[in-house]
file query_14.txt (compact mmCIF, C-alpha atoms)
# COMPACT_ATOMS: atom_id res chain seq x y z
CA MET A 20 17.90 0.58 -74.25
CA LEU A 21 16.19 3.89 -73.61
CA ASP A 22 12.88 2.05 -73.11
CA ALA A 23 14.48 -0.17 -70.51
CA ILE A 24 15.83 2.87 -68.65
CA ILE A 25 12.44 4.62 -68.77
CA ASN A 26 10.67 1.49 -67.60
CA GLY A 27 13.18 1.06 -64.81
CA LEU A 28 12.73 4.67 -63.72
CA SER A 29 8.94 4.34 -63.81
CA GLY A 30 9.20 1.79 -61.01
CA LEU A 31 10.82 4.38 -58.77
CA GLY A 32 8.39 6.49 -56.84
CA ALA A 33 5.52 4.14 -57.73
CA GLY A 34 4.35 4.39 -54.15
CA PHE A 35 3.51 8.07 -54.68
CA VAL A 36 1.45 7.23 -57.76
CA HIS A 37 -0.62 4.61 -55.95
CA ILE A 38 -1.17 6.53 -52.75
CA HIS A 39 -4.68 6.64 -51.25
CA TRP A 40 -5.77 9.62 -49.15
CA SER A 41 -5.98 7.40 -46.07
CA ASN A 42 -2.31 6.36 -46.28
CA PRO A 43 -0.73 9.68 -45.26
CA VAL A 44 -3.36 10.04 -42.52
CA MET A 45 -2.42 6.67 -41.08
CA ILE A 46 1.30 7.35 -41.49
CA GLY A 47 0.64 10.48 -39.43
CA ALA A 48 -1.24 8.37 -36.87
CA GLY A 49 1.72 5.98 -36.76
CA CYS A 50 4.02 8.94 -36.11
CA VAL A 51 1.74 10.10 -33.28
CA LEU A 52 1.95 6.63 -31.70
CA LEU A 53 5.75 6.74 -32.05
CA TYR A 54 5.78 10.20 -30.46
CA LEU A 55 3.63 9.01 -27.54
CA GLY A 56 5.80 5.95 -27.03
CA ILE A 57 9.22 7.59 -27.43
CA LYS A 58 8.71 11.11 -26.13
CA LYS A 59 5.83 10.69 -23.68
CA ASP A 60 6.75 7.20 -22.47
CA VAL A 61 3.18 5.94 -23.03
CA GLU A 62 3.39 2.12 -23.25
CA PRO A 63 6.54 2.42 -25.42
CA LEU A 64 7.08 -1.33 -25.66
CA LEU A 65 3.85 -1.58 -27.62
CA LEU A 66 3.22 1.79 -29.16
CA VAL A 67 6.64 1.95 -30.87
CA PRO A 68 6.24 -1.32 -32.81
CA ILE A 69 2.51 -0.63 -33.40
CA GLY A 70 3.25 2.86 -34.71
CA PHE A 71 6.03 1.61 -36.96
CA GLY A 72 3.86 -1.23 -38.21
CA ALA A 73 1.15 1.31 -39.08
CA ILE A 74 3.68 3.31 -41.11
CA LEU A 75 4.97 0.22 -42.92
CA VAL A 76 1.57 -1.05 -43.95
CA ASN A 77 0.48 2.32 -45.31
CA ILE A 78 3.27 2.59 -47.85
CA PRO A 79 1.65 1.44 -51.11
CA LEU A 80 2.92 -1.50 -53.16
CA ALA A 81 5.35 -2.73 -50.49
CA GLY A 82 3.15 -5.78 -50.05
CA LEU A 83 4.07 -6.37 -46.43
CA MET A 84 0.59 -7.65 -45.63
CA ALA A 85 0.13 -9.39 -48.97
CA GLU A 86 0.29 -13.15 -49.22
CA GLU A 87 3.76 -14.19 -48.00
CA GLY A 88 4.66 -10.59 -47.04
CA PHE A 89 6.77 -10.57 -43.91
CA LEU A 90 4.17 -8.84 -41.72
CA ARG A 91 1.48 -11.22 -43.02
CA THR A 92 3.71 -14.14 -42.08
CA ILE A 93 4.15 -12.81 -38.52
CA TYR A 94 0.42 -12.06 -38.28
CA ASP A 95 -0.60 -15.52 -39.48
CA MET A 96 1.95 -17.16 -37.22
CA GLY A 97 1.07 -15.42 -33.95
CA ILE A 98 -2.15 -13.42 -34.13
CA ALA A 99 -4.34 -15.55 -36.36
CA THR A 100 -3.31 -18.58 -34.28
CA GLU A 101 -3.84 -16.59 -31.01
CA LEU A 102 -0.36 -17.68 -29.95
CA PHE A 103 1.22 -14.29 -29.13
CA PRO A 104 -1.27 -13.11 -26.48
CA LEU A 105 -1.06 -16.49 -24.79
CA LEU A 106 2.75 -16.41 -24.67
CA ILE A 107 2.54 -12.93 -23.16
CA PHE A 108 0.13 -14.28 -20.57
CA ILE A 109 2.75 -16.79 -19.40
CA GLY A 110 5.07 -13.84 -18.84
CA ILE A 111 2.39 -11.86 -17.01
CA GLY A 112 1.71 -14.83 -14.74
CA ALA A 113 5.44 -15.14 -14.06
CA MET A 114 5.61 -11.46 -13.10
CA THR A 115 2.51 -11.34 -10.89
CA ASP A 116 2.54 -11.84 -7.15
CA PHE A 117 -0.91 -12.93 -6.03
CA GLY A 118 0.23 -12.76 -2.38
CA PRO A 119 -1.69 -9.56 -1.47
CA LEU A 120 -4.84 -11.09 -2.95
CA LEU A 121 -4.37 -14.37 -1.11
CA GLU A 122 -3.84 -12.43 2.13
CA ASN A 123 -7.31 -10.94 1.85
CA PRO A 124 -9.40 -13.14 -0.48
CA LYS A 125 -12.64 -11.19 -0.16
CA ILE A 126 -11.22 -8.34 -2.24
CA PHE A 127 -11.31 -10.80 -5.13
CA LEU A 128 -14.91 -9.61 -5.54
CA LEU A 129 -13.65 -6.18 -6.56
CA GLY A 130 -11.88 -7.89 -9.44
CA ALA A 131 -15.30 -9.06 -10.65
CA ALA A 132 -16.99 -5.66 -10.29
CA GLY A 133 -14.15 -4.10 -12.25
CA GLN A 134 -15.17 -6.17 -15.28
CA PHE A 135 -18.82 -5.11 -15.40
CA GLY A 136 -17.96 -2.40 -17.92
CA ILE A 137 -17.18 -5.16 -20.45
CA PHE A 138 -20.73 -6.48 -20.41
CA LEU A 139 -22.41 -3.08 -20.23
CA THR A 140 -20.38 -1.94 -23.24
CA ILE A 141 -21.42 -5.02 -25.18
CA GLY A 142 -25.04 -3.97 -24.61
CA LEU A 143 -24.25 -0.40 -25.66
CA SER A 144 -22.47 -1.52 -28.84
CA LEU A 145 -25.43 -3.68 -29.78
CA ILE A 146 -27.77 -0.72 -29.35
CA PHE A 147 -25.59 1.22 -31.79
CA GLY A 148 -25.93 -1.48 -34.42
CA PHE A 149 -22.73 -3.48 -34.10
CA SER A 150 -22.99 -7.20 -34.77
CA LYS A 151 -22.89 -9.60 -31.83
CA LEU A 152 -19.25 -10.63 -32.26
CA ASP A 153 -18.12 -7.08 -33.02
CA ALA A 154 -19.86 -5.94 -29.82
CA VAL A 155 -18.02 -8.64 -27.86
CA ALA A 156 -14.68 -7.46 -29.28
CA ILE A 157 -15.47 -3.84 -28.40
CA GLY A 158 -16.68 -4.75 -24.91
CA VAL A 159 -13.49 -6.64 -24.15
CA ILE A 160 -11.54 -3.36 -24.29
CA GLY A 161 -13.07 -2.92 -20.84
CA ALA A 162 -11.00 -5.85 -19.62
CA CYS A 163 -8.17 -3.26 -19.53
CA ASP A 164 -6.01 -6.14 -20.55
CA GLY A 165 -4.23 -5.99 -23.91
CA PRO A 166 -3.57 -9.70 -24.46
CA THR A 167 -7.16 -10.64 -23.56
CA ALA A 168 -8.53 -7.99 -25.93
CA ILE A 169 -6.23 -9.20 -28.72
CA TYR A 170 -7.05 -12.86 -28.08
CA VAL A 171 -10.82 -12.33 -28.20
CA THR A 172 -10.76 -9.89 -31.11
CA SER A 173 -8.39 -11.94 -33.28
CA LYS A 174 -10.67 -14.90 -32.73
CA PHE A 175 -14.03 -13.30 -33.49
CA ALA A 176 -13.58 -9.89 -35.11
CA PRO A 177 -10.11 -9.77 -36.71
CA HIS A 178 -11.15 -6.80 -38.87
CA LEU A 179 -11.39 -4.73 -35.65
CA LEU A 180 -8.04 -5.85 -34.26
CA GLY A 181 -6.12 -2.63 -34.98
CA ALA A 182 -8.73 -0.33 -33.44
CA VAL A 183 -9.43 -2.55 -30.43
CA SER A 184 -5.73 -3.05 -29.64
CA VAL A 185 -4.85 0.60 -29.94
CA ALA A 186 -7.86 1.53 -27.80
CA ALA A 187 -7.04 -1.11 -25.17
CA TYR A 188 -3.40 -0.11 -24.77
CA SER A 189 -4.01 3.64 -25.05
CA TYR A 190 -6.72 3.68 -22.41
CA MET A 191 -4.70 1.41 -20.13
CA SER A 192 -1.98 4.02 -20.16
CA LEU A 193 -4.57 6.75 -19.52
CA VAL A 194 -5.89 5.06 -16.37
CA PRO A 195 -4.18 7.69 -14.13
CA ILE A 196 -6.14 10.39 -15.98
CA ILE A 197 -9.46 8.57 -16.46
CA GLN A 198 -9.97 7.08 -12.99
CA PRO A 199 -9.37 9.84 -10.38
CA PRO A 200 -12.28 12.14 -11.36
CA ILE A 201 -14.68 9.18 -11.28
CA MET A 202 -13.31 8.04 -7.91
CA ARG A 203 -13.79 11.54 -6.46
CA TRP A 204 -17.25 11.87 -7.99
CA LEU A 205 -18.53 8.65 -6.43
CA THR A 206 -16.99 8.87 -2.95
CA THR A 207 -17.16 11.29 -0.06
CA GLU A 208 -14.03 12.76 1.49
CA LYS A 209 -14.76 10.78 4.64
CA GLU A 210 -14.78 7.53 2.64
CA ARG A 211 -11.54 8.42 0.89
CA ARG A 212 -9.87 8.89 4.29
CA ILE A 213 -10.75 5.39 5.53
CA SER A 214 -7.59 3.64 6.62
CA MET A 215 -7.52 -0.11 6.08
CA ASP A 216 -5.67 -2.28 8.58
CA ARG A 217 -3.46 -5.06 7.35
CA ASP A 218 -4.88 -7.49 9.90
CA VAL A 219 -4.43 -10.32 7.47
CA SER A 220 -2.86 -13.69 8.00
CA PRO A 221 0.35 -14.53 6.13
CA VAL A 222 0.23 -16.82 3.14
CA SER A 223 2.28 -19.99 2.99
CA ARG A 224 4.37 -20.99 0.00
CA ARG A 225 2.28 -24.15 -0.38
CA ALA A 226 -0.90 -22.07 -0.69
CA LYS A 227 0.75 -19.92 -3.35
CA ILE A 228 1.74 -23.03 -5.31
CA VAL A 229 -1.65 -24.71 -5.05
CA PHE A 230 -3.49 -21.48 -5.96
CA PRO A 231 -2.71 -21.43 -9.73
CA ILE A 232 -3.36 -25.17 -10.06
CA MET A 233 -6.69 -24.94 -8.28
CA ILE A 234 -7.83 -21.83 -10.21
CA THR A 235 -6.91 -23.47 -13.52
CA ILE A 236 -8.82 -26.66 -12.81
CA VAL A 237 -11.94 -25.05 -11.35
CA GLY A 238 -11.98 -22.10 -13.78
CA GLY A 239 -11.33 -24.44 -16.69
CA PHE A 240 -14.26 -26.66 -15.83
CA ILE A 241 -16.57 -23.67 -15.40
CA ALA A 242 -15.58 -21.84 -18.59
CA PRO A 243 -13.56 -24.18 -20.81
CA GLN A 244 -13.51 -21.80 -23.78
CA GLY A 245 -11.30 -19.44 -21.81
CA LEU A 246 -8.86 -22.05 -20.57
CA PRO A 247 -6.05 -20.95 -22.93
CA LEU A 248 -6.12 -17.52 -21.23
CA LEU A 249 -6.51 -18.79 -17.68
CA GLY A 250 -4.14 -21.73 -18.13
CA THR A 251 -1.25 -19.68 -19.49
CA ILE A 252 -1.38 -16.96 -16.84
CA MET A 253 -1.59 -19.61 -14.11
CA LEU A 254 1.24 -21.65 -15.65
CA GLY A 255 3.48 -18.58 -15.50
CA ASN A 256 2.47 -18.00 -11.89
CA LEU A 257 3.03 -21.62 -10.91
CA MET A 258 6.54 -21.47 -12.38
CA ARG A 259 7.20 -18.31 -10.37
CA GLU A 260 5.85 -19.59 -7.06
CA SER A 261 7.27 -23.10 -7.29
CA GLY A 262 10.80 -21.77 -7.70
CA ALA A 263 11.64 -25.07 -9.39
CA VAL A 264 12.06 -23.71 -12.91
CA SER A 265 13.72 -20.36 -12.41
CA ARG A 266 15.28 -20.45 -15.87
CA LEU A 267 11.88 -20.85 -17.49
CA THR A 268 10.40 -18.18 -15.23
CA LYS A 269 13.13 -15.70 -16.16
CA ALA A 270 12.81 -16.56 -19.84
CA SER A 271 9.03 -16.05 -19.68
CA GLU A 272 9.40 -12.74 -17.85
CA ASN A 273 12.09 -11.39 -20.15
CA GLU A 274 13.16 -12.97 -23.43
CA ILE A 275 9.88 -14.60 -24.46
CA THR A 276 7.73 -11.64 -23.44
CA ASN A 277 10.08 -9.15 -25.12
CA ILE A 278 10.29 -11.02 -28.41
CA VAL A 279 6.58 -11.68 -28.53
CA THR A 280 5.76 -8.08 -27.59
CA LEU A 281 7.81 -6.87 -30.56
CA LEU A 282 6.17 -9.28 -32.99
CA LEU A 283 2.71 -8.66 -31.53
CA GLY A 284 3.09 -4.89 -31.75
CA ILE A 285 4.34 -4.79 -35.31
CA SER A 286 1.68 -7.18 -36.55
CA ILE A 287 -1.08 -5.18 -34.81
CA GLY A 288 0.27 -2.06 -36.49
CA ALA A 289 0.10 -3.96 -39.75
CA THR A 290 -3.67 -4.26 -39.38
CA MET A 291 -3.98 -0.47 -39.48
CA ASP A 292 -4.20 -0.11 -43.25
CA GLY A 293 -5.89 3.25 -43.82
CA ARG A 294 -8.45 1.92 -46.27
CA MET A 295 -9.79 -0.46 -43.63
CA PHE A 296 -9.02 1.53 -40.47
CA LEU A 297 -10.41 4.97 -41.25
CA LYS A 298 -14.10 4.35 -40.82
CA THR A 299 -16.80 5.83 -38.61
CA GLN A 300 -16.84 2.43 -36.94
CA THR A 301 -13.30 3.01 -35.63
CA MET A 302 -14.36 6.24 -33.93
CA PHE A 303 -17.21 4.38 -32.22
CA ILE A 304 -14.80 1.68 -31.08
CA LEU A 305 -12.48 4.26 -29.53
CA LEU A 306 -15.44 5.97 -27.84
CA PHE A 307 -16.97 2.74 -26.51
CA GLY A 308 -13.57 1.54 -25.31
CA PHE A 309 -13.25 4.71 -23.28
CA LEU A 310 -16.76 4.24 -21.89
CA ALA A 311 -15.96 0.63 -21.00
CA ILE A 312 -13.06 1.67 -18.79
CA CYS A 313 -15.13 4.45 -17.19
CA LEU A 314 -17.93 1.95 -16.47
CA ASP A 315 -15.41 -0.51 -14.98
CA THR A 316 -14.25 2.21 -12.60
CA VAL A 317 -17.81 3.25 -11.72
CA CYS A 318 -18.86 -0.35 -10.98
CA GLY A 319 -15.65 -1.06 -9.05
CA VAL A 320 -16.03 1.99 -6.80
CA LEU A 321 -19.75 1.37 -6.26
CA PHE A 322 -19.01 -2.24 -5.32
CA GLY A 323 -16.30 -0.92 -3.01
CA LYS A 324 -18.94 1.25 -1.35
CA LEU A 325 -21.19 -1.78 -0.96
CA MET A 326 -18.37 -3.74 0.65
CA ASN A 327 -17.68 -0.74 2.86
CA ARG A 328 -21.26 -0.84 4.16
CA MET A 329 -21.20 -4.60 4.61
CA SER A 330 -17.89 -4.54 6.46
CA GLY A 331 -19.01 -1.82 8.84
CA GLY A 332 -16.86 0.85 7.21
CA LYS A 333 -13.59 -1.07 7.20
CA ILE A 334 -13.06 -1.02 3.43
CA ASN A 335 -12.03 2.11 1.60
CA PRO A 336 -14.23 2.23 -1.53
CA LEU A 337 -11.36 3.72 -3.54
CA ILE A 338 -9.74 0.30 -3.82
CA GLY A 339 -12.71 -0.76 -5.95
CA ALA A 340 -11.21 1.29 -8.78
CA ALA A 341 -8.17 -1.00 -8.70
CA GLY A 342 -10.33 -4.03 -9.59
CA ILE A 343 -9.37 -3.65 -13.24
CA SER A 344 -6.56 -5.45 -14.99
CA ALA A 345 -4.23 -2.49 -15.61
CA TYR A 346 -1.53 -3.75 -13.26
CA PRO A 347 0.04 -2.13 -11.27
CA MET A 348 -1.06 1.23 -12.62
CA ALA A 349 -4.58 1.13 -11.16
CA ALA A 350 -3.23 0.18 -7.73
CA ARG A 351 -0.82 3.12 -7.81
CA VAL A 352 -3.63 5.50 -8.79
CA VAL A 353 -5.72 4.37 -5.81
CA HIS A 354 -2.76 4.66 -3.45
CA LYS A 355 -1.99 8.21 -4.64
CA GLU A 356 -5.62 9.23 -4.40
CA GLY A 357 -5.80 7.95 -0.80
CA LEU A 358 -2.62 9.84 0.12
CA LYS A 359 -4.13 13.10 -1.13
CA TYR A 360 -6.67 13.03 1.69
CA ASP A 361 -4.55 11.45 4.41
CA LYS A 362 -0.80 11.33 3.96
CA PHE A 363 -0.53 8.38 6.34
CA ASN A 364 -3.15 6.28 4.56
CA PHE A 365 -1.26 3.55 2.73
CA LEU A 366 -3.74 1.71 0.53
CA LEU A 367 -1.14 0.28 -1.83
CA MET A 368 -1.12 -3.38 -0.76
CA HIS A 369 -4.93 -3.56 -0.58
CA ALA A 370 -5.14 -1.93 -4.00
CA VAL A 371 -2.53 -4.35 -5.38
CA GLY A 372 -4.68 -7.22 -4.07
CA ALA A 373 -7.74 -5.82 -5.86
CA ASN A 374 -5.64 -5.19 -8.96
CA THR A 375 -4.37 -8.78 -9.17
CA GLY A 376 -7.98 -9.84 -8.54
CA GLY A 377 -8.81 -7.69 -11.58
CA GLN A 378 -6.25 -9.59 -13.63
CA VAL A 379 -7.86 -12.91 -12.82
CA GLY A 380 -11.28 -11.24 -13.12
CA SER A 381 -10.62 -9.98 -16.65
CA VAL A 382 -9.44 -13.39 -17.78
CA MET A 383 -12.41 -15.07 -16.13
CA ALA A 384 -14.86 -12.53 -17.60
CA ALA A 385 -13.45 -13.23 -21.07
CA ALA A 386 -13.59 -16.97 -20.41
CA ILE A 387 -17.22 -16.73 -19.29
CA MET A 388 -18.05 -14.60 -22.32
CA LEU A 389 -16.47 -17.10 -24.72
CA SER A 390 -18.21 -20.02 -23.05
CA MET A 391 -21.54 -18.19 -23.22
CA LEU A 392 -21.02 -17.54 -26.95
CA LYS A 393 -20.39 -21.23 -27.43
CA GLY A 394 -23.38 -22.14 -25.28
CA MET A 395 -25.65 -19.82 -27.26
CA GLY A 396 -24.40 -21.36 -30.50
CA ILE A 397 -22.96 -18.06 -31.77
CA ILE A 398 -19.49 -19.55 -32.18
CA PRO A 399 -18.77 -23.13 -33.26
CA MET B 115 -31.47 -14.77 -31.28
CA SER B 116 -32.17 -11.03 -31.38
CA ASN B 117 -29.57 -8.46 -30.38
CA TRP B 118 -31.70 -7.46 -27.39
CA GLU B 119 -31.93 -11.01 -26.15
CA PHE B 120 -28.20 -11.52 -26.68
CA GLY B 121 -27.23 -8.25 -24.98
CA PHE B 122 -29.49 -8.86 -21.99
CA THR B 123 -28.14 -12.40 -21.56
CA MET B 124 -24.54 -11.21 -21.78
CA ILE B 125 -25.12 -8.51 -19.17
CA VAL B 126 -27.02 -10.66 -16.68
CA VAL B 127 -25.15 -13.96 -17.04
CA GLY B 128 -21.80 -12.35 -17.79
CA MET B 129 -21.77 -10.01 -14.82
CA GLY B 130 -23.47 -12.49 -12.51
CA GLY B 131 -21.25 -15.34 -13.67
CA THR B 132 -18.05 -13.37 -13.19
CA LEU B 133 -19.12 -12.31 -9.71
CA VAL B 134 -20.15 -15.82 -8.67
CA VAL B 135 -16.97 -17.43 -10.05
CA LEU B 136 -14.72 -14.91 -8.33
CA ALA B 137 -16.69 -15.35 -5.10
CA LEU B 138 -16.06 -19.09 -5.47
CA PHE B 139 -12.35 -18.41 -6.00
CA ALA B 140 -12.30 -16.20 -2.90
CA THR B 141 -13.91 -18.98 -0.85
CA MET B 142 -11.43 -21.51 -2.23
CA MET B 143 -8.56 -19.23 -1.33
CA GLY B 144 -9.90 -18.86 2.19
CA LEU B 145 -9.97 -22.65 2.48
CA LEU B 146 -6.50 -22.91 0.97
CA LYS B 147 -5.15 -20.61 3.66
CA ARG B 148 -6.71 -22.80 6.33
CA VAL B 149 -5.32 -26.01 4.86
CA PHE B 150 -1.86 -24.50 4.36
CA PRO B 151 -1.56 -21.85 7.06
CA GLY B 152 1.42 -19.49 6.95
CA GLU B 153 3.33 -18.86 10.13
CA GLU B 154 3.43 -15.27 11.35
CA GLY B 155 6.98 -14.07 10.67
CA GLY B 156 8.05 -17.60 9.79
CA PRO B 157 9.93 -18.52 6.66
CA GLU B 158 6.75 -19.60 4.86
CA GLY B 159 4.82 -16.55 5.87
CA LYS B 160 7.51 -14.36 4.42
CA GLN B 161 7.42 -15.99 1.00

call {"tool": "encode", "arguments": {"input": "query_14.txt", "output": "structure tokens"}}
result
Amino acid sequence: MLDAIINGLSGLGAGFVHIHWSNPVMIGAGCVLLYLGIKKDVEPLLLVPIGFGAILVNIPLAGLMAEEGFLRTIYDMGIATELFPLLIFIGIGAMTDFGPLLENPKIFLLGAAGQFGIFLTIGLSLIFGFSKLDAVAIGVIGACDGPTAIYVTSKFAPHLLGAVSVAAYSYMSLVPIIQPPIMRWLTTEKERRISMDRDVSPVSRRAKIVFPIMITIVGGFIAPQGLPLLGTIMLGNLMRESGAVSRLTKASENEITNIVTLLLGISIGATMDGRMFLKTQTMFILLFGFLAICLDTVCGVLFGKLMNRMSGGKINPLIGAAGISAYPMAARVVHKEGLKYDKFNFLLMHAVGANTGGQVGSVMAAAIMLSMLKGMGIIP
Amino acid sequence: MSNWEFGFTMIVVGMGGTLVVLALFATMMGLLKRVFPGEEGGPEGKQ
């Protein structure tokens, strides 16, 4: 009887006995993410479930990520299958108005320049000894696009998923801090004051409906490996613009996106087991992710300057910084920066156009990257 | 394939490919606007 009681008691507090030094560190990191999400309002929809997931997975013996553990089940169901990021993409497509981009199609090019950081960071990661697929996963942080980063990383470097996801979402929320100094460094005050006219022709509803269909077909044929990403965002947008399936559009924007965001966040947090997460490699990933977003901004602004020259000074180079996928944050940053130098200079709609171009650009850059990997025989 | 070869290919083809594809999209969108013009201030233009 006494033995049974002692044995029973020995099971209590077993977590303390089996603790590894990395567990309390990661529980602390989880608490920091919760603090940022709850108190500082930094991407709370993601950082709260990620932070809590990180706490859960660092409590020893709970077995949440063991075979048939509940977090493992969610992970296998939605991350390992790449389903969650794609479902979120339908919601993003349903929420995005490509109208400002369609009004002025040439600013689509800024959405390409804003992705150059991805490829430059891949090169940098390779120089620092990362494997090819790890370098691709690190570079994709520069897409400034959480679902794309998660999709690519879960496919090719699942062991980096926690670090890449946290880096992608953290830096996205830091865009208002990261971008302005680079924008000011690369432009003159005269350039920042350039006012852009909205001498653009209106866009018909038919054009808005045909746009996602056309982009899907052409983009899909060019880079078929990325069609899941491109197809889902364009499906969401087609539902929005057609107006024929408002119930599905609303469900994609709200219920589906909310549920999937919760499951995605908690299962990403579950990949942050201290024993696997606390490595020098993680520090490099966070550093390179930061560099990727800086390089995106540099390339975007420089391309904006090039377009400024080619257009005879009509384009404000600041909008080049909005050619990343962090929507609509990057557009707001550009608008605010423009207002600092001329309070009547409203760059918002132009920046929104470049920003939505960046959304398509990030998806297309990832699609091209995946198709290149396939073409080079690096992935099956 | 060496890391150098891979990295160089990714940078050149990746950046170039993204730029060319988005330029193609921009051209297609320009054509789309011509085929389906929106009327200034009209109901379609306001969509």

call {"tool": "closest_atom_pairs", "arguments": {"input": "query_14.txt", "of": "chain B", "to": "chain A", "cutoff": "8 Å", "atoms": "only C-alpha atoms", "output": "tab-separated table"}}
result
residue	atom	partner	partner_atom	distance
B:Asn117	CA	A:Leu145	CA	6.4
B:Trp118	CA	A:Leu145	CA	7.7
B:Phe120	CA	A:Lys151	CA	7.6
B:Gly121	CA	A:Gly142	CA	4.8
B:Phe122	CA	A:Gly142	CA	7.1
B:Met124	CA	A:Phe138	CA	6.2
B:Ile125	CA	A:Phe138	CA	5.0
B:Gly128	CA	A:Met388	CA	6.3
B:Met129	CA	A:Phe135	CA	5.7
B:Gly131	CA	A:Ile387	CA	7.1
B:Thr132	CA	A:Ala384	CA	5.5
B:Leu133	CA	A:Ala131	CA	5.1
B:Val135	CA	A:Gly238	CA	7.8
B:Leu136	CA	A:Leu128	CA	6.0
B:Ala137	CA	A:Leu128	CA	6.0
B:Phe139	CA	A:Ile234	CA	7.1
B:Ala140	CA	A:Pro124	CA	4.9
B:Thr141	CA	A:Pro124	CA	7.4
B:Met143	CA	A:Pro124	CA	6.2
B:Gly144	CA	A:Pro124	CA	6.3
B:Leu146	CA	A:Ala226	CA	5.9
B:Lys147	CA	A:Ala226	CA	6.3
B:Phe150	CA	A:Ala226	CA	5.7
B:Pro151	CA	A:Ser223	CA	5.9
B:Gly152	CA	A:Ser223	CA	4.1
B:Glu153	CA	A:Pro221	CA	6.6
B:Glu154	CA	A:Pro221	CA	6.1
B:Glu158	CA	A:Ser223	CA	4.9
B:Gly159	CA	A:Pro221	CA	4.9
B:Lys160	CA	A:Pro221	CA	7.4
B:Gln161	CA	A:Arg224	CA	5.9

call {"tool": "write_last_selection", "arguments": {"input": "query_14.txt", "atoms": "C-alpha atoms", "output": "mmCIF file, in the coordinates of the input"}}
result
data_model
loop_
_atom_site.group_PDB
_atom_site.id
_atom_site.type_symbol
_atom_site.label_atom_id
_atom_site.label_comp_id
_atom_site.auth_asym_id
_atom_site.auth_seq_id
_atom_site.Cartn_x
_atom_site.Cartn_y
_atom_site.Cartn_z
ATOM 1 C CA ASN B 117 -29.570 -8.460 -30.380
ATOM 2 C CA TRP B 118 -31.700 -7.460 -27.390
ATOM 3 C CA PHE B 120 -28.200 -11.520 -26.680
ATOM 4 C CA GLY B 121 -27.230 -8.250 -24.980
ATOM 5 C CA PHE B 122 -29.490 -8.860 -21.990
ATOM 6 C CA MET B 124 -24.540 -11.210 -21.780
ATOM 7 C CA ILE B 125 -25.120 -8.510 -19.170
ATOM 8 C CA GLY B 128 -21.800 -12.350 -17.790
ATOM 9 C CA MET B 129 -21.770 -10.010 -14.820
ATOM 10 C CA GLY B 131 -21.250 -15.340 -13.670
ATOM 11 C CA THR B 132 -18.050 -13.370 -13.190
ATOM 12 C CA LEU B 133 -19.120 -12.310 -9.710
ATOM 13 C CA VAL B 135 -16.970 -17.430 -10.050
ATOM 14 C CA LEU B 136 -14.720 -14.910 -8.330
ATOM 15 C CA ALA B 137 -16.690 -15.350 -5.100
ATOM 16 C CA PHE B 139 -12.350 -18.410 -6.000
ATOM 17 C CA ALA B 140 -12.300 -16.200 -2.900
ATOM 18 C CA THR B 141 -13.910 -18.980 -0.850
ATOM 19 C CA MET B 143 -8.560 -19.230 -1.330
ATOM 20 C CA GLY B 144 -9.900 -18.860 2.190
ATOM 21 C CA LEU B 146 -6.500 -22.910 0.970
ATOM 22 C CA LYS B 147 -5.150 -20.610 3.660
ATOM 23 C CA PHE B 150 -1.860 -24.500 4.360
ATOM 24 C CA PRO B 151 -1.560 -21.850 7.060
ATOM 25 C CA GLY B 152 1.420 -19.490 6.950
ATOM 26 C CA GLU B 153 3.330 -18.860 10.130
ATOM 27 C CA GLU B 154 3.430 -15.270 11.350
ATOM 28 C CA GLU B 158 6.750 -19.600 4.860
ATOM 29 C CA GLY B 159 4.820 -16.550 5.870
ATOM 30 C CA LYS B 160 7.510 -14.360 4.420
ATOM 31 C CA GLN B 161 7.420 -15.990 1.000
#

call {"tool": "residues_near_point", "arguments": {"input": "query_14.txt", "point": "(-6.9, -5.2, -9.2)", "cutoff": "6 Å", "atoms": "all atoms listed in the file", "output": "JSON, numbers by chain"}}
result
{"A": [130, 341, 342, 343, 344, 371, 372, 373, 374, 375, 376, 377]}

call {"tool": "atom_distance", "arguments": {"input": "query_14.txt", "atom1": "CA of Leu337 in chain A", "atom2": "CA of Phe363 in chain A"}}
result
15.4 Å

call {"tool": "atom_distance", "arguments": {"input": "query_14.txt", "atom1": "CA of Leu21 in chain A", "atom2": "CA of Ile38 in chain A"}}
result
27.3 Å

call {"tool": "atom_distance", "arguments": {"input": "query_14.txt", "atom1": "CA of Arg328 in chain A", "atom2": "CA of Arg212 in chain A"}}
result
15.0 Å

call {"tool": "closest_residue", "arguments": {"input": "query_14.txt", "among": "A:Pro68, A:Leu246, A:Pro399, A:Ala113", "to": "Lys269 in chain A", "atoms": "all atoms listed in the file"}}
result
A:Ala113

call {"tool": "residues_near_point", "arguments": {"input": "query_14.txt", "point": "(2.4, -2.2, -1.8)", "cutoff": "10 Å", "atoms": "only C-alpha atoms", "output": "list of chain:residue names"}}
result
A:Pro119, A:Pro347, A:Ala350, A:Arg351, A:His354, A:Phe365, A:Leu366, A:Leu367, A:Met368, A:His369, A:Ala370, A:Val371, A:Gly372

call {"tool": "residues_around", "arguments": {"input": "query_14.txt", "residues": "Ile228 in chain A", "least_positions_apart": "6", "cutoff": "9 Å", "atoms": "all atoms listed in the file", "output": "PyMOL selection string"}}
result
chain A and resi 256-261

call {"tool": "residues_around", "arguments": {"input": "query_14.txt", "residues": "range 82-92 of chain A", "least_positions_apart": "4", "cutoff": "7 Å", "atoms": "all atoms listed in the file", "output": "ChimeraX atom specification"}}
result
/A:76,96,286,289

call {"tool": "residues_around", "arguments": {"input": "query_14.txt", "residues": "Ile98 in chain A", "least_positions_apart": "4", "cutoff": "10 Å", "atoms": "all atoms listed in the file", "output": "MDAnalysis selection string"}}
result
chainID A and resid 91:94 102:105 169:170 172:174 177 180 282:283 286:287
